[in-house]
Amino acid sequence: MALLELEGVKKIYGQGEIKVEALRGVDLEIGVGEFSTLFGPSGSGKTTLLNLIGALDKPTEGSVRLNGMNIGEMNKNKLAMLRRENLGFIFQDFNLIPVLTAFENVEFALKIASKNGAPTGEKAREVLEMVGLGDKLHRRPRELSGGQKQRVAIARALVKEPKLILADEPTANLDSDTARGILEIMVRMNKELNTTFIFSTHDPMVMEYARRLLEIRDGRITRDERRE
Amino acid sequence: MYLLRIALRNLFRRKGRTFLIAGILTLAVFLFLWLESFMIGFMDVSFGNIIDFETPHIEVGREGFLEDAQKGRELPLAETFTPGEELVEEIEAREGFVALTPILEFSADFIAGRHQFPVRVRSIDPQSFGDVFRNQEYLISGEFVETGDPGIVIGRELGRFFNLEVGDFYTLRFQDSGGSFNTMQGEVRGIVNVPHPEMNLGTVFVARDQAQAALGLEEGKISQIMVRMGNRDIGRKEAQNLSGLLGNGDLTVRSYREGAEILVHLETWGFIETYFILALFLLVGAIGIISVVVLAAIERVKEIGMMKAMGLKESEIVRIFILEAGGIGAVGGLMGCLLGGITVFLMKAYGINMEAFFDLSEFGVPMVGRIYGAWNPISFFLIFVFVILLSMVASLIPSYWAARKDPVVAIRDR
């Protein structure tokens with residue numbers, strides 16, 4: 001069974017006469033362990049599609065199933081629980097909680113996902129070490145560089161071992177060398193943990209690393225190419 | 001724990017804003033504790049002076065007499081009575097009974113030289129008077145009246161008014177029980193200076209046997225029985241019990257509070273004013289809390305979006321903001337209690353000299369000199385908890401507003 005299934009997904013914004021059709025019928029299946037990139041021009045519907053996959057929004061028509069669960073039929077609390085247990089997010093602005101240290105940002109994500117109150121500190125430390133921040137555990141976000149912040153964001157997304165990680169323009173605010181380093185970490189995590197990644201990007205470098213390219217134009221998937 | 005940790009650390013993100021609102025709450029708590037301590041101290045001294053020098057815990061007399069006495073009218077001799085033994089035994093059997101003394105009060109003009117002044121003459125039994133009242137302890141010259149002695153004890157202010165000293169002559173002019181004008185004459189035996197202004201000016205003391213003869217009253221006739229009890233609470237309770245026992249009879253029973261109408265009104269209005277000031281400052285504080293949460297929510301839209309993406313429920317995000325508001329309330333409450341504690345300590349130790357500001361006797365307040373503060377630990381606890389709860393409640397609506405932000409919009413907010 002596919003991890004993610006989209007069938008005839010449409011998303012229309014606005015009401016009355018002013019309507020914007022952001023997605024015009026998307027069908028897509030993503031399997032476990034895939035490393036896919038969603039690309040296309042601005043306004044093509046990448047972000048809208050990512051929001052639907054991430055259970056942050058619901059489709060106007062069609063269905064989005066994550067791990068067999070239809071997000072269109074879930075209430076706010078169930079969607080929150082779905083995101084908590086199954087999804088990790090990485091954003092171009094990092095979106096770390098500024099009052100928490102690197103370690104606390106990661107441990108917090110694990111704590112809220114942890115059902116039985118199991119110890120979380122060791123795991124958080126381990127993941128931060130995996131992304132090369134073992135020596136910066138107790139730094140606040142303002143004391144970290146852009147690349148380091150993004151690595152914290154990756155650790156935060158990975159620490160709860162979600163089924164799917166969604167990365168929205170994760171390299172947009174980074175220089176090339178830092179971006180490459182970040183991508184290599186994600187490739188390694190994908191291989192080692194078999195975590196599924198979906199990127200939304202304009203960055204050709206990200207596309208180099210992807211094993212599946214999904215091009216979106218005018219709200220439709222226009223290209224779906226798998227690479228070895 | 002993480003929600004609390006985030007909330008507490010958020011307090012220091014905008015220190016100026018946090019401490020401004022906490023400062024308003026501090027002021028509210030401090031003012032409340034100070035005013036309340038002042039009011040309790042003020043009332044304690046005032047009621048204490050009434051009990052010690054004017055009307056003790058319980059007063060028994062005829063309704064008509066007590067009412068006229070309370071309203072400052074001419075005291076009616078027709079309303080005097082002879083207490084039976086049963087009544088005295090009933091009073092003495094009350095729980096917490098300490099002592100009683102009979103009083104015969106009447107209205108007269110105090111005359112010395114060419115001047116006269118209306119006074120209330122309190123004719124007393126010197127043997128038992130000191131067991132109920134403390135006037136004798138405040139003699140500044142001479143001695144107190146004795147049975148068989150036609151002398152008089154006056155207050156310091158009356159003495160100053162007539163320029164009288166111990167040994168000087170006085171005349172009291174009054175209407176006796178037959179309606180004829182009569183006089184009592186003698187020497188000023190003593191001068192008292194009690195901390196109850198009315199008793200220093202408008203009340204004089206004579207021996208009851210002398211007054212009875214001059215008024216032409218039967219032996220044993222009195223206007224009131226004054227009763228001292230163990231404490232004020234017992235006094236109020238036993239006044240009620242005694243009143244119930246006497247039923248619809250000839251006599252009325254009053255507690256010290258019923259005889260001090262002005263003071264009871266002052267007490268009520270004083271506390272209303274205290275709570276009004278508290279409410280005013282807390283309202284400003286609550287508006288401040290609402291602004292803080294709204295501003296914080298606007299500033300932290302992306303954070304809220306990220307937390308939602310991580311899977312936090314709206315109720316958990318609300319909890320962060322409410323805890324944060326509670327934190328501001330706790331800081332304000334703590335600082336207010338600290339400042340209030342220092343002020344109450346100083347008030348209790350040194351007091352405030354009210355005479356330096358105004359003459360309280362002009363307002364009918366039975367006290368002179370310093371007012372000392374009083375500790376009320378329950379108030380410290382309650383106001384601290386209340387300020388925290390109020391801050392949390394004030395933040396409820398803006399917190400929900402913040403937490404309900406659409407994650408799709410919030411997360412990409414710029």
# chains A, B, ... in the order shown; residues from 1 in each chain; ligands from 1

call {"tool": "interface_residues", "arguments": {"of": "chain B", "to": "chain A", "cutoff": "8 Å", "atoms": "only C-alpha atoms", "output": "PDB file with N, CA, C and O atoms, in the first residue's frame"}}
result
ATOM      1  N   TYR B   2       7.073  21.305  28.829  1.00  0.00           N
ATOM      2  CA  TYR B   2       7.611  22.175  27.780  1.00  0.00           C
ATOM      3  C   TYR B   2       6.719  23.375  27.544  1.00  0.00           C
ATOM      4  O   TYR B   2       7.198  24.470  27.260  1.00  0.00           O
ATOM      5  N   ILE B   6       8.145  27.073  27.765  1.00  0.00           N
ATOM      6  CA  ILE B   6       8.026  28.049  26.668  1.00  0.00           C
ATOM      7  C   ILE B   6       7.319  29.309  27.178  1.00  0.00           C
ATOM      8  O   ILE B   6       7.762  30.437  26.936  1.00  0.00           O
ATOM      9  N   ARG B   9       9.616  31.362  29.458  1.00  0.00           N
ATOM     10  CA  ARG B   9      10.689  32.048  28.730  1.00  0.00           C
ATOM     11  C   ARG B   9      10.136  33.163  27.850  1.00  0.00           C
ATOM     12  O   ARG B   9      10.809  34.166  27.617  1.00  0.00           O
ATOM     13  N   ASN B  10       8.917  32.962  27.360  1.00  0.00           N
ATOM     14  CA  ASN B  10       8.297  34.014  26.547  1.00  0.00           C
ATOM     15  C   ASN B  10       8.132  35.311  27.330  1.00  0.00           C
ATOM     16  O   ASN B  10       8.116  36.390  26.749  1.00  0.00           O
ATOM     17  N   ARG B  13      10.830  37.685  26.578  1.00  0.00           N
ATOM     18  CA  ARG B  13      11.103  38.095  25.198  1.00  0.00           C
ATOM     19  C   ARG B  13      10.876  39.578  25.022  1.00  0.00           C
ATOM     20  O   ARG B  13      11.569  40.240  24.285  1.00  0.00           O
ATOM     21  N   LYS B 302       4.188  32.920  13.017  1.00  0.00           N
ATOM     22  CA  LYS B 302       4.908  31.790  12.393  1.00  0.00           C
ATOM     23  C   LYS B 302       5.152  30.669  13.390  1.00  0.00           C
ATOM     24  O   LYS B 302       5.075  29.490  13.056  1.00  0.00           O
ATOM     25  N   GLU B 303       5.474  31.091  14.622  1.00  0.00           N
ATOM     26  CA  GLU B 303       5.709  30.091  15.669  1.00  0.00           C
ATOM     27  C   GLU B 303       4.444  29.272  15.918  1.00  0.00           C
ATOM     28  O   GLU B 303       4.504  28.050  16.093  1.00  0.00           O
ATOM     29  N   MET B 306       4.043  26.910  13.143  1.00  0.00           N
ATOM     30  CA  MET B 306       4.986  25.785  13.242  1.00  0.00           C
ATOM     31  C   MET B 306       4.525  24.796  14.302  1.00  0.00           C
ATOM     32  O   MET B 306       4.593  23.575  14.113  1.00  0.00           O
ATOM     33  N   LYS B 308       1.541  24.243  15.239  1.00  0.00           N
ATOM     34  CA  LYS B 308       0.401  23.483  14.707  1.00  0.00           C
ATOM     35  C   LYS B 308       0.897  22.413  13.736  1.00  0.00           C
ATOM     36  O   LYS B 308       0.395  21.288  13.722  1.00  0.00           O
ATOM     37  N   ALA B 309       1.883  22.776  12.917  1.00  0.00           N
ATOM     38  CA  ALA B 309       2.439  21.798  11.975  1.00  0.00           C
ATOM     39  C   ALA B 309       3.070  20.632  12.730  1.00  0.00           C
ATOM     40  O   ALA B 309       3.008  19.481  12.300  1.00  0.00           O
ATOM     41  N   MET B 310       3.664  20.933  13.885  1.00  0.00           N
ATOM     42  CA  MET B 310       4.287  19.863  14.682  1.00  0.00           C
ATOM     43  C   MET B 310       3.241  18.973  15.335  1.00  0.00           C
ATOM     44  O   MET B 310       3.575  17.918  15.881  1.00  0.00           O
ATOM     45  N   GLY B 311       1.998  19.426  15.329  1.00  0.00           N
ATOM     46  CA  GLY B 311       0.932  18.583  15.882  1.00  0.00           C
ATOM     47  C   GLY B 311       0.371  19.070  17.200  1.00  0.00           C
ATOM     48  O   GLY B 311      -0.389  18.338  17.844  1.00  0.00           O
ATOM     49  N   LEU B 312       0.729  20.285  17.612  1.00  0.00           N
ATOM     50  CA  LEU B 312       0.132  20.798  18.845  1.00  0.00           C
ATOM     51  C   LEU B 312      -1.335  21.120  18.594  1.00  0.00           C
ATOM     52  O   LEU B 312      -1.679  21.696  17.560  1.00  0.00           O
ATOM     53  N   LYS B 313      -2.185  20.758  19.541  1.00  0.00           N
ATOM     54  CA  LYS B 313      -3.608  21.073  19.407  1.00  0.00           C
ATOM     55  C   LYS B 313      -3.814  22.541  19.780  1.00  0.00           C
ATOM     56  O   LYS B 313      -3.002  23.128  20.496  1.00  0.00           O
ATOM     57  N   GLU B 314      -4.961  23.069  19.332  1.00  0.00           N
ATOM     58  CA  GLU B 314      -5.260  24.470  19.661  1.00  0.00           C
ATOM     59  C   GLU B 314      -5.292  24.667  21.173  1.00  0.00           C
ATOM     60  O   GLU B 314      -4.822  25.677  21.693  1.00  0.00           O
ATOM     61  N   PRO B 407      -3.130  27.414  10.122  1.00  0.00           N
ATOM     62  CA  PRO B 407      -1.704  27.081  10.034  1.00  0.00           C
ATOM     63  C   PRO B 407      -1.110  27.361   8.660  1.00  0.00           C
ATOM     64  O   PRO B 407       0.068  27.715   8.538  1.00  0.00           O
ATOM     65  N   VAL B 408      -1.932  27.216   7.623  1.00  0.00           N
ATOM     66  CA  VAL B 408      -1.440  27.433   6.258  1.00  0.00           C
ATOM     67  C   VAL B 408      -0.996  28.884   6.090  1.00  0.00           C
ATOM     68  O   VAL B 408       0.060  29.175   5.527  1.00  0.00           O
TER      69      VAL B 408
END

call {"tool": "select_by_dssp", "arguments": {"residues": "region 12-214 of chain A", "states": "strand (DSSP E)", "output": "JSON, numbers by chain"}}
result
{"A": [12, 13, 20, 21, 22, 23, 24, 25, 26, 27, 28, 29, 30, 35, 36, 37, 38, 39, 61, 62, 63, 64, 65, 66, 69, 70, 87, 88, 89, 90, 91, 164, 165, 166, 167, 168, 196, 197, 198, 199, 200, 201, 212, 213, 214]}

call {"tool": "residues_around", "arguments": {"residues": "region 209-226 of chain B", "least_positions_apart": "2", "cutoff": "8 Å", "atoms": "only C-alpha atoms", "output": "PyMOL selection string"}}
result
chain B and resi 55-62+65+77+79-83+100-105+123+132+147-150+175-178+182-184+206-207+228

call {"tool": "write_last_selection", "arguments": {"atoms": "N, CA, C and O atoms", "output": "short mmCIF file (atom, residue, chain, number, x, y, z; two decimals), in the first residue's frame"}}
result
data_model
loop_
_atom_site.label_atom_id
_atom_site.label_comp_id
_atom_site.auth_asym_id
_atom_site.auth_seq_id
_atom_site.Cartn_x
_atom_site.Cartn_y
_atom_site.Cartn_z
N THR B 55 -19.26 53.00 74.46
CA THR B 55 -20.25 51.93 74.60
C THR B 55 -19.52 50.60 74.55
O THR B 55 -18.92 50.29 73.53
N PRO B 56 -19.55 49.81 75.60
CA PRO B 56 -18.79 48.55 75.55
C PRO B 56 -19.48 47.53 74.64
O PRO B 56 -20.36 47.88 73.88
N HIS B 57 -19.07 46.29 74.77
CA HIS B 57 -19.56 45.27 73.83
C HIS B 57 -21.08 45.21 73.78
O HIS B 57 -21.66 45.06 72.72
N ILE B 58 -21.73 45.31 74.96
CA ILE B 58 -23.19 45.21 74.99
C ILE B 58 -23.76 46.35 75.84
O ILE B 58 -23.19 46.71 76.88
N GLU B 59 -24.87 46.87 75.36
CA GLU B 59 -25.55 47.95 76.08
C GLU B 59 -27.02 47.55 76.20
O GLU B 59 -27.63 47.15 75.21
N VAL B 60 -27.57 47.65 77.41
CA VAL B 60 -28.99 47.31 77.60
C VAL B 60 -29.71 48.56 78.11
O VAL B 60 -29.23 49.23 79.03
N GLY B 61 -30.81 48.90 77.48
CA GLY B 61 -31.57 50.08 77.91
C GLY B 61 -32.91 50.09 77.20
O GLY B 61 -33.24 49.17 76.45
N ARG B 62 -33.67 51.14 77.45
CA ARG B 62 -34.95 51.26 76.76
C ARG B 62 -34.73 51.78 75.36
O ARG B 62 -33.85 52.62 75.12
N PHE B 65 -34.62 55.53 74.84
CA PHE B 65 -33.43 56.18 75.38
C PHE B 65 -32.23 55.93 74.45
O PHE B 65 -31.50 56.87 74.09
N LEU B 77 -35.33 61.34 80.64
CA LEU B 77 -35.28 60.69 81.96
C LEU B 77 -36.45 59.72 82.15
O LEU B 77 -36.37 58.78 82.94
N GLU B 79 -37.28 57.55 80.25
CA GLU B 79 -36.91 56.24 79.70
C GLU B 79 -35.90 55.50 80.58
O GLU B 79 -35.20 54.60 80.12
N THR B 80 -35.76 55.91 81.81
CA THR B 80 -34.85 55.18 82.72
C THR B 80 -35.60 53.97 83.28
O THR B 80 -36.82 53.89 83.17
N PHE B 81 -34.88 53.05 83.88
CA PHE B 81 -35.50 51.83 84.40
C PHE B 81 -34.71 51.30 85.61
O PHE B 81 -33.56 51.70 85.82
N THR B 82 -35.36 50.42 86.34
CA THR B 82 -34.67 49.79 87.47
C THR B 82 -34.42 48.33 87.10
O THR B 82 -35.37 47.57 86.89
N PRO B 83 -33.15 47.94 86.96
CA PRO B 83 -32.87 46.56 86.53
C PRO B 83 -33.20 45.55 87.63
O PRO B 83 -32.82 45.74 88.78
N LEU B 100 -20.02 44.21 84.33
CA LEU B 100 -21.07 45.15 83.93
C LEU B 100 -21.08 46.32 84.89
O LEU B 100 -20.62 46.22 86.03
N THR B 101 -21.62 47.43 84.40
CA THR B 101 -21.74 48.60 85.27
C THR B 101 -23.01 49.37 84.88
O THR B 101 -23.30 49.50 83.68
N PRO B 102 -23.76 49.85 85.87
CA PRO B 102 -24.95 50.65 85.55
C PRO B 102 -24.55 52.11 85.28
O PRO B 102 -23.61 52.62 85.87
N ILE B 103 -25.29 52.74 84.40
CA ILE B 103 -25.01 54.13 84.03
C ILE B 103 -26.33 54.89 84.08
O ILE B 103 -27.37 54.37 83.67
N LEU B 104 -26.25 56.12 84.51
CA LEU B 104 -27.42 57.00 84.42
C LEU B 104 -26.96 58.23 83.64
O LEU B 104 -26.16 59.02 84.14
N GLU B 105 -27.47 58.34 82.44
CA GLU B 105 -27.02 59.44 81.58
C GLU B 105 -28.12 60.48 81.44
O GLU B 105 -29.29 60.12 81.31
N SER B 123 -23.41 59.51 84.79
CA SER B 123 -23.27 59.27 86.23
C SER B 123 -23.00 57.78 86.44
O SER B 123 -23.71 56.93 85.90
N VAL B 132 -15.39 48.02 83.37
CA VAL B 132 -15.98 48.02 82.02
C VAL B 132 -15.29 49.05 81.12
O VAL B 132 -14.99 48.77 79.96
N THR B 147 -18.15 57.74 95.20
CA THR B 147 -19.52 57.79 95.72
C THR B 147 -19.57 58.79 96.89
O THR B 147 -18.66 58.80 97.72
N GLY B 148 -20.59 59.61 96.88
CA GLY B 148 -20.77 60.59 97.95
C GLY B 148 -20.04 61.90 97.68
O GLY B 148 -20.16 62.84 98.46
N ASP B 149 -19.30 61.94 96.57
CA ASP B 149 -18.51 63.14 96.27
C ASP B 149 -19.23 63.94 95.17
O ASP B 149 -19.53 63.39 94.11
N PRO B 150 -19.51 65.22 95.36
CA PRO B 150 -20.20 66.01 94.32
C PRO B 150 -19.25 66.50 93.21
O PRO B 150 -19.65 67.30 92.36
N GLN B 175 -32.88 69.63 83.56
CA GLN B 175 -34.27 69.46 84.01
C GLN B 175 -34.35 68.15 84.77
O GLN B 175 -33.89 67.12 84.27
N ASP B 176 -34.93 68.18 85.96
CA ASP B 176 -35.02 66.95 86.75
C ASP B 176 -36.22 66.12 86.30
O ASP B 176 -36.92 66.49 85.35
N SER B 177 -36.46 65.03 87.01
CA SER B 177 -37.51 64.10 86.58
C SER B 177 -38.90 64.74 86.64
O SER B 177 -39.83 64.32 85.95
N GLY B 178 -39.04 65.83 87.43
CA GLY B 178 -40.33 66.51 87.49
C GLY B 178 -40.46 67.60 86.45
O GLY B 178 -41.48 68.28 86.39
N ASN B 182 -32.87 72.35 87.59
CA ASN B 182 -32.12 72.13 88.82
C ASN B 182 -30.62 72.24 88.50
O ASN B 182 -30.24 72.25 87.32
N THR B 183 -29.80 72.28 89.48
CA THR B 183 -28.35 72.37 89.24
C THR B 183 -27.61 71.41 90.16
O THR B 183 -28.11 71.00 91.21
N MET B 184 -26.39 71.10 89.72
CA MET B 184 -25.42 70.37 90.56
C MET B 184 -24.18 71.23 90.56
O MET B 184 -23.78 71.75 89.51
N VAL B 206 -19.96 62.05 86.78
CA VAL B 206 -20.26 62.34 88.19
C VAL B 206 -20.63 61.02 88.86
O VAL B 206 -20.92 60.04 88.17
N ALA B 207 -20.68 61.03 90.20
CA ALA B 207 -21.09 59.81 90.92
C ALA B 207 -22.61 59.65 90.80
O ALA B 207 -23.34 60.64 90.82
N ARG B 228 -19.09 44.50 79.52
CA ARG B 228 -17.85 44.14 78.81
C ARG B 228 -17.79 42.63 78.67
O ARG B 228 -18.07 41.90 79.62
#

call {"tool": "atom_distance", "arguments": {"atom1": "CA of Val131 (chain A)", "atom2": "CA of Asn173 (chain A)"}}
result
18.1 Å

call {"tool": "atom_distance", "arguments": {"atom1": "CA of Leu87 (chain B)", "atom2": "CA of Phe129 (chain B)"}}
result
18.5 Å

call {"tool": "select_by_dssp", "arguments": {"residues": "region 23-220 of chain A", "states": "alpha helix (DSSP H)", "output": "PyMOL selection string"}}
result
chain A and resi 46-53+76-86+102-113+121-130+146-158+176-193+204-209

call {"tool": "atom_distance", "arguments": {"atom1": "CA of Thr268 (chain B)", "atom2": "CA of Phe97 (chain B)"}}
result
28.5 Å

call {"tool": "residues_around", "arguments": {"residues": "Gly130 (chain B)", "least_positions_apart": "2", "cutoff": "12 Å", "atoms": "only C-alpha atoms", "output": "PyMOL selection string"}}
result
chain B and resi 52-53+56+98-102+124-128+132-138+144-146+226-228

call {"tool": "write_last_selection", "arguments": {"atoms": "N, CA and C atoms", "output": "PDB file, in the first residue's frame"}}
result
ATOM      1  N   ASP B  52     -13.902  50.932  74.698  1.00  0.00           N
ATOM      2  CA  ASP B  52     -13.196  51.274  75.935  1.00  0.00           C
ATOM      3  C   ASP B  52     -13.726  52.538  76.611  1.00  0.00           C
ATOM      4  N   PHE B  53     -14.297  53.458  75.796  1.00  0.00           N
ATOM      5  CA  PHE B  53     -14.618  54.757  76.406  1.00  0.00           C
ATOM      6  C   PHE B  53     -16.073  55.202  76.242  1.00  0.00           C
ATOM      7  N   PRO B  56     -19.551  49.813  75.602  1.00  0.00           N
ATOM      8  CA  PRO B  56     -18.787  48.553  75.550  1.00  0.00           C
ATOM      9  C   PRO B  56     -19.477  47.534  74.644  1.00  0.00           C
ATOM     10  N   VAL B  98     -17.473  39.527  81.207  1.00  0.00           N
ATOM     11  CA  VAL B  98     -16.340  40.004  82.004  1.00  0.00           C
ATOM     12  C   VAL B  98     -16.843  40.880  83.160  1.00  0.00           C
ATOM     13  N   ALA B  99     -17.620  41.910  82.845  1.00  0.00           N
ATOM     14  CA  ALA B  99     -18.090  42.815  83.909  1.00  0.00           C
ATOM     15  C   ALA B  99     -19.264  43.632  83.393  1.00  0.00           C
ATOM     16  N   LEU B 100     -20.018  44.205  84.329  1.00  0.00           N
ATOM     17  CA  LEU B 100     -21.073  45.147  83.929  1.00  0.00           C
ATOM     18  C   LEU B 100     -21.083  46.319  84.892  1.00  0.00           C
ATOM     19  N   THR B 101     -21.620  47.429  84.401  1.00  0.00           N
ATOM     20  CA  THR B 101     -21.744  48.600  85.269  1.00  0.00           C
ATOM     21  C   THR B 101     -23.006  49.367  84.880  1.00  0.00           C
ATOM     22  N   PRO B 102     -23.758  49.852  85.873  1.00  0.00           N
ATOM     23  CA  PRO B 102     -24.946  50.654  85.547  1.00  0.00           C
ATOM     24  C   PRO B 102     -24.554  52.107  85.284  1.00  0.00           C
ATOM     25  N   ILE B 124     -21.956  57.547  87.214  1.00  0.00           N
ATOM     26  CA  ILE B 124     -21.390  56.188  87.252  1.00  0.00           C
ATOM     27  C   ILE B 124     -21.293  55.644  88.659  1.00  0.00           C
ATOM     28  N   ASP B 125     -21.154  54.298  88.703  1.00  0.00           N
ATOM     29  CA  ASP B 125     -20.813  53.654  89.979  1.00  0.00           C
ATOM     30  C   ASP B 125     -19.300  53.500  89.995  1.00  0.00           C
ATOM     31  N   PRO B 126     -18.595  54.305  90.763  1.00  0.00           N
ATOM     32  CA  PRO B 126     -17.122  54.277  90.699  1.00  0.00           C
ATOM     33  C   PRO B 126     -16.537  52.883  90.923  1.00  0.00           C
ATOM     34  N   GLN B 127     -17.234  52.027  91.724  1.00  0.00           N
ATOM     35  CA  GLN B 127     -16.677  50.702  92.029  1.00  0.00           C
ATOM     36  C   GLN B 127     -16.623  49.804  90.796  1.00  0.00           C
ATOM     37  N   SER B 128     -17.657  49.833  89.982  1.00  0.00           N
ATOM     38  CA  SER B 128     -17.693  48.891  88.852  1.00  0.00           C
ATOM     39  C   SER B 128     -17.331  49.542  87.510  1.00  0.00           C
ATOM     40  N   VAL B 132     -15.392  48.021  83.369  1.00  0.00           N
ATOM     41  CA  VAL B 132     -15.976  48.022  82.017  1.00  0.00           C
ATOM     42  C   VAL B 132     -15.287  49.050  81.120  1.00  0.00           C
ATOM     43  N   PHE B 133     -15.026  50.228  81.655  1.00  0.00           N
ATOM     44  CA  PHE B 133     -14.411  51.301  80.851  1.00  0.00           C
ATOM     45  C   PHE B 133     -12.980  51.585  81.302  1.00  0.00           C
ATOM     46  N   ARG B 134     -12.228  52.269  80.437  1.00  0.00           N
ATOM     47  CA  ARG B 134     -10.822  52.531  80.750  1.00  0.00           C
ATOM     48  C   ARG B 134     -10.539  54.022  80.996  1.00  0.00           C
ATOM     49  N   ASN B 135     -11.595  54.821  81.142  1.00  0.00           N
ATOM     50  CA  ASN B 135     -11.391  56.269  81.280  1.00  0.00           C
ATOM     51  C   ASN B 135     -10.439  56.618  82.421  1.00  0.00           C
ATOM     52  N   GLN B 136     -10.562  55.870  83.526  1.00  0.00           N
ATOM     53  CA  GLN B 136      -9.738  56.194  84.697  1.00  0.00           C
ATOM     54  C   GLN B 136      -8.246  56.115  84.393  1.00  0.00           C
ATOM     55  N   GLU B 137      -7.891  55.228  83.462  1.00  0.00           N
ATOM     56  CA  GLU B 137      -6.459  55.064  83.138  1.00  0.00           C
ATOM     57  C   GLU B 137      -5.903  56.300  82.440  1.00  0.00           C
ATOM     58  N   TYR B 138      -6.790  57.150  81.947  1.00  0.00           N
ATOM     59  CA  TYR B 138      -6.332  58.291  81.151  1.00  0.00           C
ATOM     60  C   TYR B 138      -6.443  59.623  81.898  1.00  0.00           C
ATOM     61  N   PHE B 144     -10.390  60.298  90.047  1.00  0.00           N
ATOM     62  CA  PHE B 144     -11.712  59.997  89.512  1.00  0.00           C
ATOM     63  C   PHE B 144     -12.768  60.215  90.596  1.00  0.00           C
ATOM     64  N   VAL B 145     -14.039  60.306  90.192  1.00  0.00           N
ATOM     65  CA  VAL B 145     -15.107  60.586  91.166  1.00  0.00           C
ATOM     66  C   VAL B 145     -15.321  59.400  92.106  1.00  0.00           C
ATOM     67  N   GLU B 146     -15.805  59.720  93.305  1.00  0.00           N
ATOM     68  CA  GLU B 146     -16.102  58.692  94.313  1.00  0.00           C
ATOM     69  C   GLU B 146     -17.566  58.836  94.731  1.00  0.00           C
ATOM     70  N   MET B 226     -24.094  48.713  81.031  1.00  0.00           N
ATOM     71  CA  MET B 226     -22.984  48.556  80.086  1.00  0.00           C
ATOM     72  C   MET B 226     -22.238  47.266  80.426  1.00  0.00           C
ATOM     73  N   VAL B 227     -22.018  46.430  79.405  1.00  0.00           N
ATOM     74  CA  VAL B 227     -21.442  45.104  79.670  1.00  0.00           C
ATOM     75  C   VAL B 227     -20.159  44.911  78.856  1.00  0.00           C
ATOM     76  N   ARG B 228     -19.092  44.498  79.519  1.00  0.00           N
ATOM     77  CA  ARG B 228     -17.854  44.141  78.812  1.00  0.00           C
ATOM     78  C   ARG B 228     -17.789  42.631  78.668  1.00  0.00           C
TER      79      ARG B 228
END

call {"tool": "residues_around", "arguments": {"residues": "region 340-352 of chain B", "least_positions_apart": "6", "cutoff": "7 Å", "atoms": "only C-alpha atoms", "output": "list in words"}}
result
Phe30, Leu33, Trp34, Ser37, Arg370, Ile371, Tyr372, Gly373, Ala374 and Trp375 of chain B

call {"tool": "residues_around", "arguments": {"residues": "region 165-173 of chain B", "least_positions_apart": "4", "cutoff": "8 Å", "atoms": "only C-alpha atoms", "output": "list in words"}}
result
Ala108, Asp109, Phe110, Ile111, Ala112, Ser141, Gly142, Gly159, Phe181, Asn182, Thr183, Met184, Gln185, Gly186, Glu187, Val188, Arg189, Gly190 and Ile191 of chain B

call {"tool": "residues_around", "arguments": {"residues": "Lys123 (chain A)", "least_positions_apart": "4", "cutoff": "10 Å", "atoms": "only C-alpha atoms", "output": "PyMOL selection string"}}
result
chain A and resi 106-107+110+119+127-129+159-160

call {"tool": "write_last_selection", "arguments": {"atoms": "N, CA, C and O atoms", "output": "compact mmCIF listing (two decimals), in the first residue's frame"}}
result
# COMPACT_ATOMS: atom_id res chain seq x y z
N VAL A 106 14.45 20.15 19.56
CA VAL A 106 14.34 18.77 19.06
C VAL A 106 13.59 17.89 20.06
O VAL A 106 12.69 17.13 19.70
N GLU A 107 13.95 18.04 21.33
CA GLU A 107 13.31 17.21 22.35
C GLU A 107 11.81 17.52 22.47
O GLU A 107 10.99 16.62 22.70
N LEU A 110 9.87 15.63 20.00
CA LEU A 110 9.79 14.21 20.38
C LEU A 110 8.82 14.02 21.55
O LEU A 110 8.04 13.07 21.58
N PRO A 119 11.66 8.28 27.94
CA PRO A 119 12.76 9.25 27.97
C PRO A 119 13.08 9.75 26.57
O PRO A 119 13.09 8.97 25.61
N VAL A 127 20.20 12.46 17.60
CA VAL A 127 19.83 12.98 16.27
C VAL A 127 20.59 14.27 15.98
O VAL A 127 21.04 14.50 14.86
N LEU A 128 20.77 15.10 17.01
CA LEU A 128 21.53 16.34 16.80
C LEU A 128 22.99 16.02 16.46
O LEU A 128 23.62 16.70 15.66
N GLU A 129 23.51 14.96 17.07
CA GLU A 129 24.88 14.54 16.75
C GLU A 129 24.95 14.04 15.31
O GLU A 129 25.91 14.30 14.58
N VAL A 159 13.49 13.43 14.49
CA VAL A 159 13.65 12.80 15.79
C VAL A 159 12.49 11.87 16.16
O VAL A 159 12.67 10.86 16.83
N LYS A 160 11.30 12.20 15.70
CA LYS A 160 10.17 11.35 16.08
C LYS A 160 9.94 10.23 15.06
O LYS A 160 8.92 9.53 15.15
